[in-house]
Amino acid sequence: MISALVINLEHSAERLRFQRQQLTHLQIPMRRLDAVSTKDILSDQYEHQANGWERKLRPAELACFLSHKAAWQFVLETGQPWLILEDDALLSHKTAELLTTISSTTCELDYVNLETRHRRKWLDRKSLALIAGYELRRLYQDRTGAAAYVLFPSGARKLVNRAQFAAPALADAFLCRSYDLNGWQVYPAAAIQLDQCANYGLNPPVSFVSTITPENNVKPQANHFYHYLCFKYRRLAAQLRMGCRQLSVSRCAQRLMVPIIQSDFEE
């Protein structure tokens, strides 16, 4: 059985309690990973690391990236696959069965995304059967979502190596643009974040107060014109890379909205 590694801030006890209850019910072993807090990031470190993406990262966004980076390092050091979860991820009742099947597949897997966030993805036209109603498709281009994914040591090595020379970014953007990963998608999806429940006709089992303060919701401005030009250039370059990626896989892939099986999420 693949165990869950739950990224959780020390003061977010309610979220941890929700994950413990959910994973216990699903009979998935779990381990907590202490998330990086904005309080852990010194001002000099923030200024050094927040300006390397397409816009200046908010402190909470940088902390989220560093938390996922710590999870990648953990997977690499343990030498076994883990289900990496953000603490507001809602899982399908079939997740444990899916994890068992994924762990025994003979395909070369670096990364398997369980999540959907109501945005289209580029997926292979072919699929591999997992369990009744679920399949595995090669994931060529995603746009968002890092709340629930299985990471194998081979994928962790690639992400850790890339993070050594690539600047921090939004955690999901960093994952989505790591084209060297052998990435796959569970289809239909087996996880959503609680903030997506309304998009999929679900009543959230719990509601949380955001751990991101209103101040952090305001996009930080570039420190000066040089940073502004760098942000614009990086965004344009990223759009071009995505366009090239989509063009290169257009014959074998299709752009799909990944659904869920609603009954598999309902109590």
# chains A, B, ... in the order shown; residues from 1 in each chain; ligands from 1
$ select_by_dssp --residues "region 113-246 of chain A" --states "strand (DSSP E)" --output "list in words"
Asn113, Arg120, Lys121, Trp122, Leu123, Asp124, Leu128, Ala129, Glu135, Leu136, Arg137, Arg138, Leu139, Tyr140, Gln141, Ala148, Tyr149, Val150, Leu151, Gly183, Trp184, Gln185, Val186, Tyr187, Ala191, Ile192 and Gln193 of chain A
$ write_last_selection --atoms "C-alpha atoms" --output "tab-separated table (two decimals), in the first residue's frame"
chain	number	residue	atom	x	y	z
A	113	ASN	CA	-1.94	12.99	-10.58
A	120	ARG	CA	-8.74	20.87	-19.34
A	121	LYS	CA	-5.63	18.72	-19.59
A	122	TRP	CA	-3.74	17.17	-22.50
A	123	LEU	CA	-4.09	13.40	-22.07
A	124	ASP	CA	-3.09	10.44	-24.21
A	128	LEU	CA	-4.60	1.62	-19.17
A	129	ALA	CA	-7.29	0.00	-17.04
A	135	GLU	CA	-8.10	4.22	-15.98
A	136	LEU	CA	-4.64	5.69	-16.26
A	137	ARG	CA	-3.72	8.07	-19.07
A	138	ARG	CA	-0.40	9.63	-19.93
A	139	LEU	CA	-0.47	13.27	-18.82
A	140	TYR	CA	1.29	15.55	-21.30
A	141	GLN	CA	0.16	19.00	-20.19
A	148	ALA	CA	-3.05	14.98	-4.46
A	149	TYR	CA	-0.40	13.13	-6.46
A	150	VAL	CA	1.63	9.95	-6.19
A	151	LEU	CA	5.34	10.61	-6.51
A	183	GLY	CA	3.45	11.92	-15.72
A	184	TRP	CA	0.08	10.15	-15.67
A	185	GLN	CA	-3.49	11.07	-14.76
A	186	VAL	CA	-6.09	8.98	-12.96
A	187	TYR	CA	-9.24	9.27	-15.10
A	191	ALA	CA	-9.29	13.80	-5.69
A	192	ILE	CA	-10.40	17.41	-5.59
A	193	GLN	CA	-9.63	20.26	-3.23
$ select_by_dssp --residues "region 6-83 of chain A" --states "alpha helix (DSSP H)" --output "PyMOL selection string"
chain A and resi 13-26+43-49+59-78
$ closest_residue --among "A:His93, A:His25, A:Lys56, A:Arg241" --to "Gln262 (chain A)" --atoms "only C-alpha atoms"
A:His93
$ atom_distance --atom1 "CA of Phe152 (chain A)" --atom2 "CA of Ala63 (chain A)"
22.6 Å
$ atom_distance --atom1 "CA of Leu90 (chain A)" --atom2 "CA of Phe265 (chain A)"
7.9 Å
$ residues_around --residues "Ser43 (chain A)" --least-positions-apart "5" --cutoff "12 Å" --atoms "only C-alpha atoms" --output "PyMOL selection string"
chain A and resi 38+48-50+59+62
$ write_last_selection --atoms "all heavy atoms" --output "mmCIF file, in the first residue's frame"
data_model
loop_
_atom_site.group_PDB
_atom_site.id
_atom_site.type_symbol
_atom_site.label_atom_id
_atom_site.label_comp_id
_atom_site.auth_asym_id
_atom_site.auth_seq_id
_atom_site.Cartn_x
_atom_site.Cartn_y
_atom_site.Cartn_z
ATOM 1 N N THR A 38 5.178 30.834 6.467
ATOM 2 C CA THR A 38 5.735 32.131 6.056
ATOM 3 C C THR A 38 6.646 32.698 7.144
ATOM 4 O O THR A 38 7.575 33.453 6.844
ATOM 5 C CB THR A 38 4.608 33.131 5.762
ATOM 6 O OG1 THR A 38 3.733 33.236 6.895
ATOM 7 C CG2 THR A 38 3.785 32.683 4.555
ATOM 8 N N HIS A 48 15.152 36.977 -2.248
ATOM 9 C CA HIS A 48 16.056 36.235 -3.123
ATOM 10 C C HIS A 48 15.312 35.182 -3.940
ATOM 11 O O HIS A 48 15.651 34.939 -5.102
ATOM 12 C CB HIS A 48 17.155 35.566 -2.286
ATOM 13 C CG HIS A 48 18.078 34.694 -3.071
ATOM 14 N ND1 HIS A 48 18.980 35.194 -3.996
ATOM 15 C CD2 HIS A 48 18.236 33.331 -3.098
ATOM 16 C CE1 HIS A 48 19.649 34.196 -4.542
ATOM 17 N NE2 HIS A 48 19.209 33.059 -4.026
ATOM 18 N N GLN A 49 14.264 34.570 -3.349
ATOM 19 C CA GLN A 49 13.621 33.426 -3.980
ATOM 20 C C GLN A 49 12.272 33.756 -4.639
ATOM 21 O O GLN A 49 11.771 32.938 -5.411
ATOM 22 C CB GLN A 49 13.404 32.313 -2.947
ATOM 23 C CG GLN A 49 14.701 31.715 -2.420
ATOM 24 C CD GLN A 49 14.450 30.495 -1.559
ATOM 25 O OE1 GLN A 49 13.664 30.526 -0.619
ATOM 26 N NE2 GLN A 49 15.121 29.399 -1.883
ATOM 27 N N ALA A 50 11.700 34.892 -4.348
ATOM 28 C CA ALA A 50 10.331 35.176 -4.808
ATOM 29 C C ALA A 50 10.268 35.825 -6.180
ATOM 30 O O ALA A 50 9.168 35.987 -6.731
ATOM 31 C CB ALA A 50 9.618 36.073 -3.788
ATOM 32 N N PRO A 59 4.358 35.461 -0.117
ATOM 33 C CA PRO A 59 5.058 34.647 0.895
ATOM 34 C C PRO A 59 4.418 33.277 1.088
ATOM 35 O O PRO A 59 5.129 32.269 1.212
ATOM 36 C CB PRO A 59 4.943 35.508 2.162
ATOM 37 C CG PRO A 59 4.885 36.908 1.647
ATOM 38 C CD PRO A 59 4.092 36.836 0.371
ATOM 39 N N LEU A 62 5.423 30.962 -1.816
ATOM 40 C CA LEU A 62 6.799 30.470 -1.676
ATOM 41 C C LEU A 62 6.866 29.384 -0.610
ATOM 42 O O LEU A 62 7.517 28.353 -0.800
ATOM 43 C CB LEU A 62 7.737 31.629 -1.325
ATOM 44 C CG LEU A 62 9.201 31.250 -1.084
ATOM 45 C CD1 LEU A 62 9.802 30.552 -2.298
ATOM 46 C CD2 LEU A 62 10.027 32.493 -0.715
#
$ residues_around --residues "Lys69 (chain A)" --least-positions-apart "3" --cutoff "9 Å" --atoms "only C-alpha atoms" --output "PyMOL selection string"
chain A and resi 64-66+72-74+159-160+163+171
$ closest_residue --among "A:Leu33, A:Ile84, A:Leu23, A:Ala89" --to "Pro204 (chain A)" --atoms "only C-alpha atoms"
A:Ala89
$ atom_distance --atom1 "CA of Ala132 (chain A)" --atom2 "CA of Glu97 (chain A)"
10.2 Å
$ closest_residue --among "A:Ala189, A:Cys230, A:Met242, A:Met1" --to "Cys176 (chain A)" --atoms "only C-alpha atoms"
A:Met242
$ closest_residue --among "A:Ser178, A:Asn203, A:Thr101, A:Ser67" --to "Asp142 (chain A)" --atoms "only C-alpha atoms"
A:Ser178
$ closest_residue --among "A:Ile261, A:Leu236, A:Ala156, A:Ala190" --to "Gly79 (chain A)" --atoms "only C-alpha atoms"
A:Ala156
$ closest_residue --among "A:Ala169, A:Arg119, A:Pro29, A:Ser37" --to "Phe231 (chain A)" --atoms "only C-alpha atoms"
A:Ala169
